[in-house]
Every structure is written in structure tokens, then in C-alpha cells.
file work-v4.cif (mmCIF, N, CA and C atoms)
data_input
loop_
_atom_site.label_atom_id
_atom_site.label_comp_id
_atom_site.auth_asym_id
_atom_site.auth_seq_id
_atom_site.Cartn_x
_atom_site.Cartn_y
_atom_site.Cartn_z
N MET A 724 0.84 -1.16 0.00
CA MET A 724 0.00 0.00 0.00
C MET A 724 0.89 1.23 0.00
N VAL A 725 0.46 2.21 -0.75
CA VAL A 725 1.22 3.46 -0.76
C VAL A 725 0.23 4.62 -0.73
N GLU A 726 0.52 5.56 0.15
CA GLU A 726 -0.27 6.78 0.16
C GLU A 726 0.32 7.69 -0.91
N ARG A 727 -0.52 8.20 -1.77
CA ARG A 727 -0.05 8.99 -2.90
C ARG A 727 0.91 10.08 -2.43
N ASP A 728 2.08 10.13 -3.06
CA ASP A 728 3.14 11.10 -2.74
C ASP A 728 3.63 11.00 -1.29
N ASP A 729 3.52 9.82 -0.72
CA ASP A 729 3.98 9.65 0.66
C ASP A 729 4.67 8.31 0.80
N LYS A 730 4.43 7.64 1.89
CA LYS A 730 5.17 6.42 2.22
C LYS A 730 4.45 5.15 1.77
N VAL A 731 5.27 4.12 1.61
CA VAL A 731 4.76 2.80 1.26
C VAL A 731 4.76 1.93 2.51
N ARG A 732 3.82 1.02 2.56
CA ARG A 732 3.80 -0.02 3.60
C ARG A 732 3.60 -1.33 2.85
N ALA A 733 4.59 -2.19 2.92
CA ALA A 733 4.55 -3.44 2.15
C ALA A 733 5.14 -4.58 2.95
N GLY A 734 4.75 -5.76 2.58
CA GLY A 734 5.29 -6.94 3.21
C GLY A 734 4.78 -8.18 2.51
N PRO A 735 5.46 -9.29 2.69
CA PRO A 735 5.00 -10.54 2.09
C PRO A 735 3.67 -10.97 2.72
N VAL A 736 2.82 -11.58 1.93
CA VAL A 736 1.56 -12.15 2.41
C VAL A 736 1.52 -13.61 2.00
N LEU A 737 0.73 -14.39 2.71
CA LEU A 737 0.65 -15.83 2.44
C LEU A 737 0.10 -16.12 1.05
N ASN A 738 -0.92 -15.35 0.65
CA ASN A 738 -1.54 -15.51 -0.66
C ASN A 738 -2.30 -14.23 -0.99
N VAL A 739 -2.91 -14.17 -2.15
CA VAL A 739 -3.62 -12.96 -2.57
C VAL A 739 -5.13 -13.15 -2.58
N LYS A 740 -5.60 -14.06 -1.75
CA LYS A 740 -7.04 -14.29 -1.62
C LYS A 740 -7.67 -13.16 -0.83
N ARG A 741 -8.96 -12.91 -1.09
CA ARG A 741 -9.70 -11.85 -0.40
C ARG A 741 -9.63 -12.01 1.11
N LYS A 742 -9.79 -13.24 1.61
CA LYS A 742 -9.80 -13.45 3.07
C LYS A 742 -8.43 -13.16 3.70
N THR A 743 -7.38 -13.14 2.91
CA THR A 743 -6.05 -12.79 3.41
C THR A 743 -5.82 -11.28 3.32
N LEU A 744 -6.13 -10.70 2.17
CA LEU A 744 -5.82 -9.28 1.94
C LEU A 744 -6.79 -8.31 2.59
N GLN A 745 -8.07 -8.66 2.62
CA GLN A 745 -9.06 -7.72 3.15
C GLN A 745 -8.79 -7.29 4.59
N PRO A 746 -8.45 -8.20 5.52
CA PRO A 746 -8.13 -7.74 6.87
C PRO A 746 -6.91 -6.81 6.92
N ILE A 747 -5.94 -7.05 6.07
CA ILE A 747 -4.75 -6.18 6.01
C ILE A 747 -5.15 -4.79 5.54
N ILE A 748 -6.00 -4.73 4.53
CA ILE A 748 -6.48 -3.45 4.02
C ILE A 748 -7.27 -2.72 5.10
N LEU A 749 -8.20 -3.42 5.74
CA LEU A 749 -9.03 -2.80 6.78
C LEU A 749 -8.19 -2.30 7.96
N GLU A 750 -7.13 -3.01 8.28
CA GLU A 750 -6.28 -2.63 9.41
C GLU A 750 -5.39 -1.44 9.09
N ASN A 751 -5.03 -1.26 7.82
CA ASN A 751 -4.02 -0.25 7.47
C ASN A 751 -4.56 0.97 6.74
N ILE A 752 -5.78 0.93 6.25
CA ILE A 752 -6.32 2.05 5.49
C ILE A 752 -7.55 2.59 6.21
N LYS A 753 -7.51 3.86 6.51
CA LYS A 753 -8.57 4.52 7.27
C LYS A 753 -9.91 4.46 6.52
N SER A 754 -10.95 4.20 7.25
CA SER A 754 -12.30 4.18 6.70
C SER A 754 -12.60 5.51 6.00
N GLY A 755 -13.24 5.43 4.84
CA GLY A 755 -13.58 6.63 4.08
C GLY A 755 -12.50 7.06 3.10
N SER A 756 -11.36 6.38 3.10
CA SER A 756 -10.26 6.73 2.19
C SER A 756 -10.62 6.40 0.75
N ILE A 757 -9.95 7.07 -0.16
CA ILE A 757 -10.06 6.75 -1.59
C ILE A 757 -8.99 5.72 -1.90
N ILE A 758 -9.40 4.61 -2.49
CA ILE A 758 -8.46 3.54 -2.84
C ILE A 758 -8.48 3.35 -4.35
N SER A 759 -7.30 3.29 -4.93
CA SER A 759 -7.16 3.02 -6.36
C SER A 759 -6.45 1.68 -6.52
N THR A 760 -7.02 0.80 -7.34
CA THR A 760 -6.41 -0.51 -7.59
C THR A 760 -6.51 -0.85 -9.07
N ASP A 761 -5.85 -1.94 -9.41
CA ASP A 761 -6.08 -2.50 -10.74
C ASP A 761 -7.32 -3.39 -10.65
N GLU A 762 -7.59 -4.13 -11.69
CA GLU A 762 -8.83 -4.90 -11.77
C GLU A 762 -8.78 -6.25 -11.07
N PHE A 763 -7.75 -6.51 -10.31
CA PHE A 763 -7.59 -7.79 -9.65
C PHE A 763 -8.84 -8.15 -8.85
N LYS A 764 -9.30 -9.36 -9.01
CA LYS A 764 -10.57 -9.85 -8.45
C LYS A 764 -10.68 -9.64 -6.94
N THR A 765 -9.61 -9.82 -6.22
CA THR A 765 -9.63 -9.68 -4.77
C THR A 765 -10.09 -8.31 -4.31
N TYR A 766 -9.86 -7.27 -5.11
CA TYR A 766 -10.21 -5.91 -4.71
C TYR A 766 -11.64 -5.51 -5.05
N GLN A 767 -12.38 -6.36 -5.73
CA GLN A 767 -13.68 -5.97 -6.28
C GLN A 767 -14.68 -5.43 -5.26
N ASN A 768 -14.67 -5.89 -4.04
CA ASN A 768 -15.69 -5.45 -3.10
C ASN A 768 -15.26 -4.29 -2.19
N LEU A 769 -14.13 -3.67 -2.45
CA LEU A 769 -13.67 -2.58 -1.58
C LEU A 769 -14.66 -1.42 -1.53
N GLY A 770 -15.35 -1.18 -2.62
CA GLY A 770 -16.36 -0.11 -2.65
C GLY A 770 -17.54 -0.42 -1.75
N LYS A 771 -17.79 -1.69 -1.46
CA LYS A 771 -18.88 -2.08 -0.57
C LYS A 771 -18.49 -1.92 0.90
N LEU A 772 -17.19 -1.81 1.13
CA LEU A 772 -16.72 -1.54 2.49
C LEU A 772 -16.77 -0.03 2.67
N SER A 773 -16.02 0.51 3.53
CA SER A 773 -16.10 1.94 3.83
C SER A 773 -15.11 2.78 3.02
N TYR A 774 -14.90 2.41 1.77
CA TYR A 774 -13.93 3.12 0.93
C TYR A 774 -14.57 3.60 -0.37
N GLU A 775 -13.99 4.68 -0.93
CA GLU A 775 -14.31 5.04 -2.31
C GLU A 775 -13.28 4.29 -3.15
N HIS A 776 -13.75 3.44 -4.04
CA HIS A 776 -12.85 2.56 -4.77
C HIS A 776 -12.90 2.85 -6.26
N GLY A 777 -11.74 3.17 -6.84
CA GLY A 777 -11.61 3.36 -8.27
C GLY A 777 -10.69 2.31 -8.85
N VAL A 778 -11.03 1.86 -10.05
CA VAL A 778 -10.30 0.76 -10.68
C VAL A 778 -9.76 1.19 -12.03
N VAL A 779 -8.52 0.80 -12.32
CA VAL A 779 -7.99 0.93 -13.67
C VAL A 779 -7.84 -0.48 -14.23
N ASN A 780 -8.14 -0.61 -15.49
CA ASN A 780 -8.14 -1.92 -16.13
C ASN A 780 -6.88 -2.09 -16.97
N HIS A 781 -5.84 -2.62 -16.36
CA HIS A 781 -4.57 -2.81 -17.07
C HIS A 781 -4.70 -3.75 -18.25
N SER A 782 -5.53 -4.77 -18.14
CA SER A 782 -5.66 -5.73 -19.23
C SER A 782 -6.25 -5.08 -20.48
N ALA A 783 -6.94 -3.94 -20.32
CA ALA A 783 -7.47 -3.19 -21.46
C ALA A 783 -6.56 -2.01 -21.80
N MET A 784 -5.31 -2.06 -21.32
CA MET A 784 -4.31 -1.01 -21.57
C MET A 784 -4.73 0.33 -20.96
N GLU A 785 -5.51 0.30 -19.89
CA GLU A 785 -5.92 1.51 -19.19
C GLU A 785 -4.99 1.69 -17.99
N TYR A 786 -4.41 2.84 -17.85
CA TYR A 786 -3.46 3.06 -16.78
C TYR A 786 -3.87 4.20 -15.84
N ALA A 787 -4.91 4.91 -16.19
CA ALA A 787 -5.46 5.95 -15.31
C ALA A 787 -6.92 6.15 -15.68
N ARG A 788 -7.71 6.45 -14.67
CA ARG A 788 -9.13 6.78 -14.86
C ARG A 788 -9.43 7.90 -13.89
N GLY A 789 -9.45 9.13 -14.39
CA GLY A 789 -9.64 10.28 -13.51
C GLY A 789 -8.50 10.37 -12.52
N ILE A 790 -8.85 10.41 -11.24
CA ILE A 790 -7.81 10.49 -10.19
C ILE A 790 -7.21 9.13 -9.88
N HIS A 791 -7.76 8.09 -10.43
CA HIS A 791 -7.33 6.73 -10.07
C HIS A 791 -6.23 6.21 -10.98
N HIS A 792 -5.16 5.74 -10.34
CA HIS A 792 -4.07 5.05 -11.02
C HIS A 792 -3.30 4.28 -9.96
N VAL A 793 -2.47 3.37 -10.40
CA VAL A 793 -1.64 2.61 -9.46
C VAL A 793 -0.16 2.81 -9.77
N ASN A 794 0.15 3.91 -10.42
CA ASN A 794 1.53 4.19 -10.82
C ASN A 794 2.47 4.30 -9.62
N SER A 795 2.00 4.87 -8.52
CA SER A 795 2.85 5.01 -7.33
C SER A 795 3.27 3.64 -6.81
N MET A 796 2.32 2.73 -6.73
CA MET A 796 2.62 1.39 -6.23
C MET A 796 3.54 0.65 -7.20
N GLU A 797 3.31 0.83 -8.48
CA GLU A 797 4.18 0.18 -9.46
C GLU A 797 5.58 0.77 -9.43
N GLY A 798 5.69 2.06 -9.07
CA GLY A 798 7.00 2.68 -8.91
C GLY A 798 7.77 2.11 -7.73
N TYR A 799 7.05 1.53 -6.79
CA TYR A 799 7.68 0.83 -5.67
C TYR A 799 8.10 -0.58 -6.08
N TRP A 800 7.18 -1.34 -6.67
CA TRP A 800 7.45 -2.75 -6.99
C TRP A 800 8.52 -2.94 -8.06
N SER A 801 8.58 -2.05 -9.02
CA SER A 801 9.49 -2.23 -10.15
C SER A 801 10.96 -2.38 -9.72
N PRO A 802 11.53 -1.47 -8.91
CA PRO A 802 12.93 -1.65 -8.51
C PRO A 802 13.14 -2.93 -7.68
N LEU A 803 12.17 -3.27 -6.85
CA LEU A 803 12.30 -4.50 -6.05
C LEU A 803 12.34 -5.72 -6.96
N LYS A 804 11.41 -5.81 -7.88
CA LYS A 804 11.37 -6.96 -8.80
C LYS A 804 12.64 -7.01 -9.67
N ASN A 805 13.07 -5.85 -10.16
CA ASN A 805 14.27 -5.81 -10.99
C ASN A 805 15.51 -6.24 -10.21
N SER A 806 15.59 -5.88 -8.93
CA SER A 806 16.72 -6.28 -8.11
C SER A 806 16.73 -7.79 -7.89
N ILE A 807 15.57 -8.34 -7.63
CA ILE A 807 15.49 -9.79 -7.42
C ILE A 807 15.85 -10.52 -8.71
N ARG A 808 15.30 -10.06 -9.83
CA ARG A 808 15.60 -10.72 -11.12
C ARG A 808 17.07 -10.55 -11.51
N GLY A 809 17.61 -9.37 -11.29
CA GLY A 809 18.94 -9.07 -11.80
C GLY A 809 20.08 -9.42 -10.86
N THR A 810 20.00 -8.97 -9.62
CA THR A 810 21.09 -9.15 -8.67
C THR A 810 20.96 -10.44 -7.89
N HIS A 811 19.79 -10.68 -7.36
CA HIS A 811 19.62 -11.79 -6.44
C HIS A 811 19.14 -13.08 -7.11
N ILE A 812 18.59 -12.97 -8.30
CA ILE A 812 18.06 -14.07 -9.09
C ILE A 812 16.86 -14.72 -8.39
N HIS A 813 17.01 -15.06 -7.13
CA HIS A 813 15.94 -15.70 -6.37
C HIS A 813 16.10 -15.31 -4.91
N VAL A 814 14.99 -15.14 -4.22
CA VAL A 814 15.03 -14.94 -2.77
C VAL A 814 14.08 -15.95 -2.15
N SER A 815 14.46 -16.47 -1.01
CA SER A 815 13.61 -17.45 -0.35
C SER A 815 12.45 -16.75 0.34
N GLN A 816 11.38 -17.46 0.51
CA GLN A 816 10.21 -16.93 1.21
C GLN A 816 10.58 -16.52 2.63
N ARG A 817 11.48 -17.26 3.24
CA ARG A 817 11.92 -16.98 4.60
C ARG A 817 12.55 -15.59 4.74
N HIS A 818 13.29 -15.17 3.73
CA HIS A 818 14.00 -13.89 3.80
C HIS A 818 13.37 -12.79 2.95
N LEU A 819 12.26 -13.07 2.30
CA LEU A 819 11.63 -12.07 1.43
C LEU A 819 11.31 -10.78 2.17
N TRP A 820 10.87 -10.87 3.42
CA TRP A 820 10.52 -9.66 4.17
C TRP A 820 11.71 -8.70 4.29
N LYS A 821 12.94 -9.22 4.31
CA LYS A 821 14.12 -8.37 4.41
C LYS A 821 14.30 -7.54 3.14
N TYR A 822 14.08 -8.16 2.00
CA TYR A 822 14.21 -7.44 0.73
C TYR A 822 13.10 -6.41 0.59
N VAL A 823 11.89 -6.80 0.96
CA VAL A 823 10.76 -5.87 0.90
C VAL A 823 11.01 -4.70 1.84
N SER A 824 11.53 -4.97 3.03
CA SER A 824 11.83 -3.90 3.99
C SER A 824 12.91 -2.95 3.46
N GLU A 825 13.93 -3.51 2.84
CA GLU A 825 14.99 -2.66 2.27
C GLU A 825 14.43 -1.72 1.22
N PHE A 826 13.63 -2.25 0.31
CA PHE A 826 13.10 -1.40 -0.76
C PHE A 826 12.01 -0.46 -0.26
N SER A 827 11.34 -0.83 0.81
CA SER A 827 10.38 0.09 1.44
C SER A 827 11.15 1.28 2.04
N PHE A 828 12.25 0.99 2.71
CA PHE A 828 13.09 2.05 3.26
C PHE A 828 13.58 2.98 2.14
N ARG A 829 14.09 2.39 1.08
CA ARG A 829 14.59 3.20 -0.05
C ARG A 829 13.48 4.08 -0.63
N TYR A 830 12.30 3.49 -0.81
CA TYR A 830 11.18 4.25 -1.38
C TYR A 830 10.77 5.38 -0.43
N ASN A 831 10.68 5.08 0.85
CA ASN A 831 10.24 6.08 1.81
C ASN A 831 11.26 7.19 2.03
N MET A 832 12.50 6.94 1.69
CA MET A 832 13.55 7.96 1.81
C MET A 832 13.86 8.63 0.46
N ARG A 833 13.09 8.34 -0.56
CA ARG A 833 13.42 8.80 -1.92
C ARG A 833 13.50 10.31 -2.05
N LYS A 834 12.81 11.05 -1.22
CA LYS A 834 12.82 12.51 -1.32
C LYS A 834 14.01 13.12 -0.59
N LYS A 835 14.72 12.33 0.19
CA LYS A 835 15.90 12.81 0.90
C LYS A 835 16.99 11.74 0.87
N PRO A 836 17.51 11.44 -0.33
CA PRO A 836 18.49 10.36 -0.46
C PRO A 836 19.77 10.60 0.33
N GLY A 837 20.14 11.84 0.53
CA GLY A 837 21.36 12.13 1.29
C GLY A 837 21.24 11.77 2.76
N ALA A 838 20.03 11.57 3.24
CA ALA A 838 19.81 11.24 4.64
C ALA A 838 19.81 9.73 4.89
N MET A 839 19.80 8.93 3.82
CA MET A 839 19.72 7.48 3.99
C MET A 839 20.88 6.92 4.80
N PHE A 840 22.10 7.20 4.36
CA PHE A 840 23.27 6.62 5.01
C PHE A 840 23.41 7.10 6.45
N PRO A 841 23.34 8.42 6.72
CA PRO A 841 23.44 8.86 8.11
C PRO A 841 22.35 8.25 9.00
N PHE A 842 21.14 8.08 8.48
CA PHE A 842 20.06 7.47 9.24
C PHE A 842 20.39 6.03 9.59
N LEU A 843 20.92 5.28 8.62
CA LEU A 843 21.28 3.89 8.87
C LEU A 843 22.41 3.78 9.90
N VAL A 844 23.43 4.61 9.75
CA VAL A 844 24.56 4.57 10.68
C VAL A 844 24.10 4.94 12.09
N ALA A 845 23.25 5.94 12.20
CA ALA A 845 22.76 6.37 13.51
C ALA A 845 21.91 5.29 14.17
N SER A 846 21.31 4.43 13.39
CA SER A 846 20.44 3.40 13.96
C SER A 846 21.21 2.16 14.41
N LEU A 847 22.49 2.08 14.08
CA LEU A 847 23.29 0.93 14.49
C LEU A 847 23.67 1.02 15.95
N GLU A 848 23.66 -0.09 16.61
CA GLU A 848 24.18 -0.14 17.97
C GLU A 848 25.57 -0.74 17.89
N LEU A 849 26.57 0.10 17.99
CA LEU A 849 27.95 -0.36 17.88
C LEU A 849 28.49 -0.71 19.26
N PRO A 850 29.12 -1.86 19.39
CA PRO A 850 29.69 -2.23 20.69
C PRO A 850 30.82 -1.25 21.04
N HIS A 851 30.92 -0.95 22.31
CA HIS A 851 32.01 -0.07 22.76
C HIS A 851 33.32 -0.86 22.70
N LEU A 852 34.32 -0.19 22.20
CA LEU A 852 35.65 -0.81 22.16
C LEU A 852 36.31 -0.65 23.53
N LYS A 853 36.84 -1.74 24.02
CA LYS A 853 37.50 -1.71 25.33
C LYS A 853 39.00 -1.83 25.15
N ASP A 854 39.72 -1.16 26.01
CA ASP A 854 41.17 -1.37 26.08
C ASP A 854 41.40 -2.52 27.03
N ASP A 855 42.08 -3.54 26.57
CA ASP A 855 42.34 -4.70 27.45
C ASP A 855 43.65 -4.56 28.13
#

call {"tool": "encode", "arguments": {"input": "work-v4.cif", "output": "C-alpha cells"}}
result
Amino acid sequence: MVERDDKVRAGPVLNVKRKTLQPIILENIKSGSIISTDEFKTYQNLGKLSYEHGVVNHSAMEYARGIHHVNSMEGYWSPLKNSIRGTHIHVSQRHLWKYVSEFSFRYNMRKKPGAMFPFLVASLELPHLKDD
């Protein structure tokens, strides 16, 4: 999930069935929000919940419909998928969350790339060096 022009929240899920994704959506997206998705079947009933739901039909080569598009989310997934295909070739399900977390961090820091390294270094807990 990505809030337009803001941060992404992503993670591996067991499957893409409605009973798996719907609780995640309800837990993370405020009631009354506008949600834009592609035509994936799992998202079809979001308008029946407490959301305004707009759909773009990628299979019909539609990429925007009024205010609705999923370009922001695709801008997140593309570098992650390309990294897995190109650099890592394959990642195990056990460690997938680490890759998703890394690319979520990169995406969320995209507007201040110079702050990435100092933020990471500041977050490390370095052991104190002792004189023996």
C-alpha cells in the first residue's frame, strides 16, 4: 500500500485471496479513504466496504481513470522486482521480508536520499571498544 506522494507499507503475504488481503487493508487504510487498484478480483468489493474505490483496467491497456491510477505502487514494486531478477536471481520466502523492507526504506527515503546513510549509521548499535 502506498499513500499517494507519501510512504509505502509493504510486506509478504501468504496468498492474494480476499480473506487474506481484506483484513490487512481494513487494518491499514482509514475508513472513508479513496483507494485506487487494478482490476484484480480480490479488490472488487472494496467499494462495498467503507472506501471510495476506483479501478484501472490494465488488461485493457488503461493506466489511469480520472484520479485513479496505481503508478505510485508500481513505482515501488518495479525496482524491487528488478533487483530480485537481476542481482539476487531468487530470494527465499523466509527472507523475502528483508528485501521488501529494504526497498520500502529506499522508497520512503526517496525525497531525501542524502539522509539514507546517516540514518542507517545512527540506527546501528555499535559495541564499545574496550582497552584490554

call {"tool": "atom_distance", "arguments": {"input": "work-v4.cif", "atom1": "atom C of Ile752 of chain A", "atom2": "atom C of Ser827 of chain A"}}
result
19.2 Å

call {"tool": "resolve_selection", "arguments": {"input": "work-v4.cif", "expression": "the PyMOL selection byres ((chain A and resi 730-746) around 6.5)", "output": "PyMOL selection string"}}
result
chain A and resi 724-729+747-751+765+819-820+823-824+827+830-831

call {"tool": "write_last_selection", "arguments": {"input": "work-v4.cif", "atoms": "N, CA and C atoms", "output": "PDB file, keeping the file's coordinate frame"}}
result
ATOM      1  N   MET A 724       0.840  -1.160   0.000  1.00  0.00           N
ATOM      2  CA  MET A 724       0.000   0.000   0.000  1.00  0.00           C
ATOM      3  C   MET A 724       0.890   1.230   0.000  1.00  0.00           C
ATOM      4  N   VAL A 725       0.460   2.210  -0.750  1.00  0.00           N
ATOM      5  CA  VAL A 725       1.220   3.460  -0.760  1.00  0.00           C
ATOM      6  C   VAL A 725       0.230   4.620  -0.730  1.00  0.00           C
ATOM      7  N   GLU A 726       0.520   5.560   0.150  1.00  0.00           N
ATOM      8  CA  GLU A 726      -0.270   6.780   0.160  1.00  0.00           C
ATOM      9  C   GLU A 726       0.320   7.690  -0.910  1.00  0.00           C
ATOM     10  N   ARG A 727      -0.520   8.200  -1.770  1.00  0.00           N
ATOM     11  CA  ARG A 727      -0.050   8.990  -2.900  1.00  0.00           C
ATOM     12  C   ARG A 727       0.910  10.080  -2.430  1.00  0.00           C
ATOM     13  N   ASP A 728       2.080  10.130  -3.060  1.00  0.00           N
ATOM     14  CA  ASP A 728       3.140  11.100  -2.740  1.00  0.00           C
ATOM     15  C   ASP A 728       3.630  11.000  -1.290  1.00  0.00           C
ATOM     16  N   ASP A 729       3.520   9.820  -0.720  1.00  0.00           N
ATOM     17  CA  ASP A 729       3.980   9.650   0.660  1.00  0.00           C
ATOM     18  C   ASP A 729       4.670   8.310   0.800  1.00  0.00           C
ATOM     19  N   ILE A 747      -5.940  -7.050   6.070  1.00  0.00           N
ATOM     20  CA  ILE A 747      -4.750  -6.180   6.010  1.00  0.00           C
ATOM     21  C   ILE A 747      -5.150  -4.790   5.540  1.00  0.00           C
ATOM     22  N   ILE A 748      -6.000  -4.730   4.530  1.00  0.00           N
ATOM     23  CA  ILE A 748      -6.480  -3.450   4.020  1.00  0.00           C
ATOM     24  C   ILE A 748      -7.270  -2.720   5.100  1.00  0.00           C
ATOM     25  N   LEU A 749      -8.200  -3.420   5.740  1.00  0.00           N
ATOM     26  CA  LEU A 749      -9.030  -2.800   6.780  1.00  0.00           C
ATOM     27  C   LEU A 749      -8.190  -2.300   7.960  1.00  0.00           C
ATOM     28  N   GLU A 750      -7.130  -3.010   8.280  1.00  0.00           N
ATOM     29  CA  GLU A 750      -6.280  -2.630   9.410  1.00  0.00           C
ATOM     30  C   GLU A 750      -5.390  -1.440   9.090  1.00  0.00           C
ATOM     31  N   ASN A 751      -5.030  -1.260   7.820  1.00  0.00           N
ATOM     32  CA  ASN A 751      -4.020  -0.250   7.470  1.00  0.00           C
ATOM     33  C   ASN A 751      -4.560   0.970   6.740  1.00  0.00           C
ATOM     34  N   THR A 765      -9.610  -9.820  -6.220  1.00  0.00           N
ATOM     35  CA  THR A 765      -9.630  -9.680  -4.770  1.00  0.00           C
ATOM     36  C   THR A 765     -10.090  -8.310  -4.310  1.00  0.00           C
ATOM     37  N   LEU A 819      12.260 -13.070   2.300  1.00  0.00           N
ATOM     38  CA  LEU A 819      11.630 -12.070   1.430  1.00  0.00           C
ATOM     39  C   LEU A 819      11.310 -10.780   2.170  1.00  0.00           C
ATOM     40  N   TRP A 820      10.870 -10.870   3.420  1.00  0.00           N
ATOM     41  CA  TRP A 820      10.520  -9.660   4.170  1.00  0.00           C
ATOM     42  C   TRP A 820      11.710  -8.700   4.290  1.00  0.00           C
ATOM     43  N   VAL A 823      11.890  -6.800   0.960  1.00  0.00           N
ATOM     44  CA  VAL A 823      10.760  -5.870   0.900  1.00  0.00           C
ATOM     45  C   VAL A 823      11.010  -4.700   1.840  1.00  0.00           C
ATOM     46  N   SER A 824      11.530  -4.970   3.030  1.00  0.00           N
ATOM     47  CA  SER A 824      11.830  -3.900   3.990  1.00  0.00           C
ATOM     48  C   SER A 824      12.910  -2.950   3.460  1.00  0.00           C
ATOM     49  N   SER A 827      11.340  -0.830   0.810  1.00  0.00           N
ATOM     50  CA  SER A 827      10.380   0.090   1.440  1.00  0.00           C
ATOM     51  C   SER A 827      11.150   1.280   2.040  1.00  0.00           C
ATOM     52  N   TYR A 830      12.300   3.490  -0.810  1.00  0.00           N
ATOM     53  CA  TYR A 830      11.180   4.250  -1.380  1.00  0.00           C
ATOM     54  C   TYR A 830      10.770   5.380  -0.430  1.00  0.00           C
ATOM     55  N   ASN A 831      10.680   5.080   0.850  1.00  0.00           N
ATOM     56  CA  ASN A 831      10.240   6.080   1.810  1.00  0.00           C
ATOM     57  C   ASN A 831      11.260   7.190   2.030  1.00  0.00           C
TER      58      ASN A 831
END

call {"tool": "residues_around", "arguments": {"input": "work-v4.cif", "residues": "Ile758 of chain A", "least_positions_apart": "5", "cutoff": "12 Å", "atoms": "only C-alpha atoms", "output": "list in words"}}
result
Met724, Val725, Glu726, Arg727, Ile748, Leu749, Asn751, Ile752, Lys753, Tyr766, Gln767, Asn768, Leu769, Gly770, Leu772, Ser773, Tyr774, Glu775, His776, Gly777, Val778, Val779, Ile790, His791, His792, Val793 and Met796 of chain A

call {"tool": "resolve_selection", "arguments": {"input": "work-v4.cif", "expression": "the PyMOL selection byres (((chain A and resi 781 and name CA) around 10) and name CA)", "output": "ChimeraX atom specification"}}
result
/A:760-763,778-780,782-787,792-793

call {"tool": "atom_distance", "arguments": {"input": "work-v4.cif", "atom1": "atom CA of Gly798 of chain A", "atom2": "atom CA of Arg833 of chain A"}}
result
11.3 Å

call {"tool": "atom_distance", "arguments": {"input": "work-v4.cif", "atom1": "atom C of Ser759 of chain A", "atom2": "atom N of Arg788 of chain A"}}
result
9.5 Å

call {"tool": "select_by_dssp", "arguments": {"input": "work-v4.cif", "residues": "segment 764-837 of chain A", "states": "helix (DSSP H, G or I)", "output": "ChimeraX atom specification"}}
result
/A:764-766,769-771,781-783,794-811,819-831,836-837

call {"tool": "residues_near_point", "arguments": {"input": "work-v4.cif", "point": "(15.8, -4.4, -4.1)", "cutoff": "6.5 Å", "atoms": "only N, CA and C atoms", "output": "JSON, numbers by chain"}}
result
{"A": [802, 803, 804, 805, 806, 807, 822, 825, 826]}

call {"tool": "residues_around", "arguments": {"input": "work-v4.cif", "residues": "segment 839-849 of chain A", "least_positions_apart": "3", "cutoff": "8 Å", "atoms": "all atoms listed in the file", "output": "list in words"}}
result
Phe828, Arg829, Met832, Lys835, Pro836 and Leu852 of chain A

call {"tool": "axis_aligned_box", "arguments": {"input": "work-v4.cif", "around": "segment 765-771 of chain A", "padding_each_side": "3 Å", "output": "AutoDock Vina command-line options"}}
result
--center_x -14.2 --center_y -5.0 --center_z -2.7 --size_x 15.3 --size_y 15.7 --size_z 13.2

call {"tool": "select_by_dssp", "arguments": {"input": "work-v4.cif", "residues": "chain A", "states": "strand (DSSP E)", "output": "PyMOL selection string"}}
result
chain A and resi 757-760+775-778
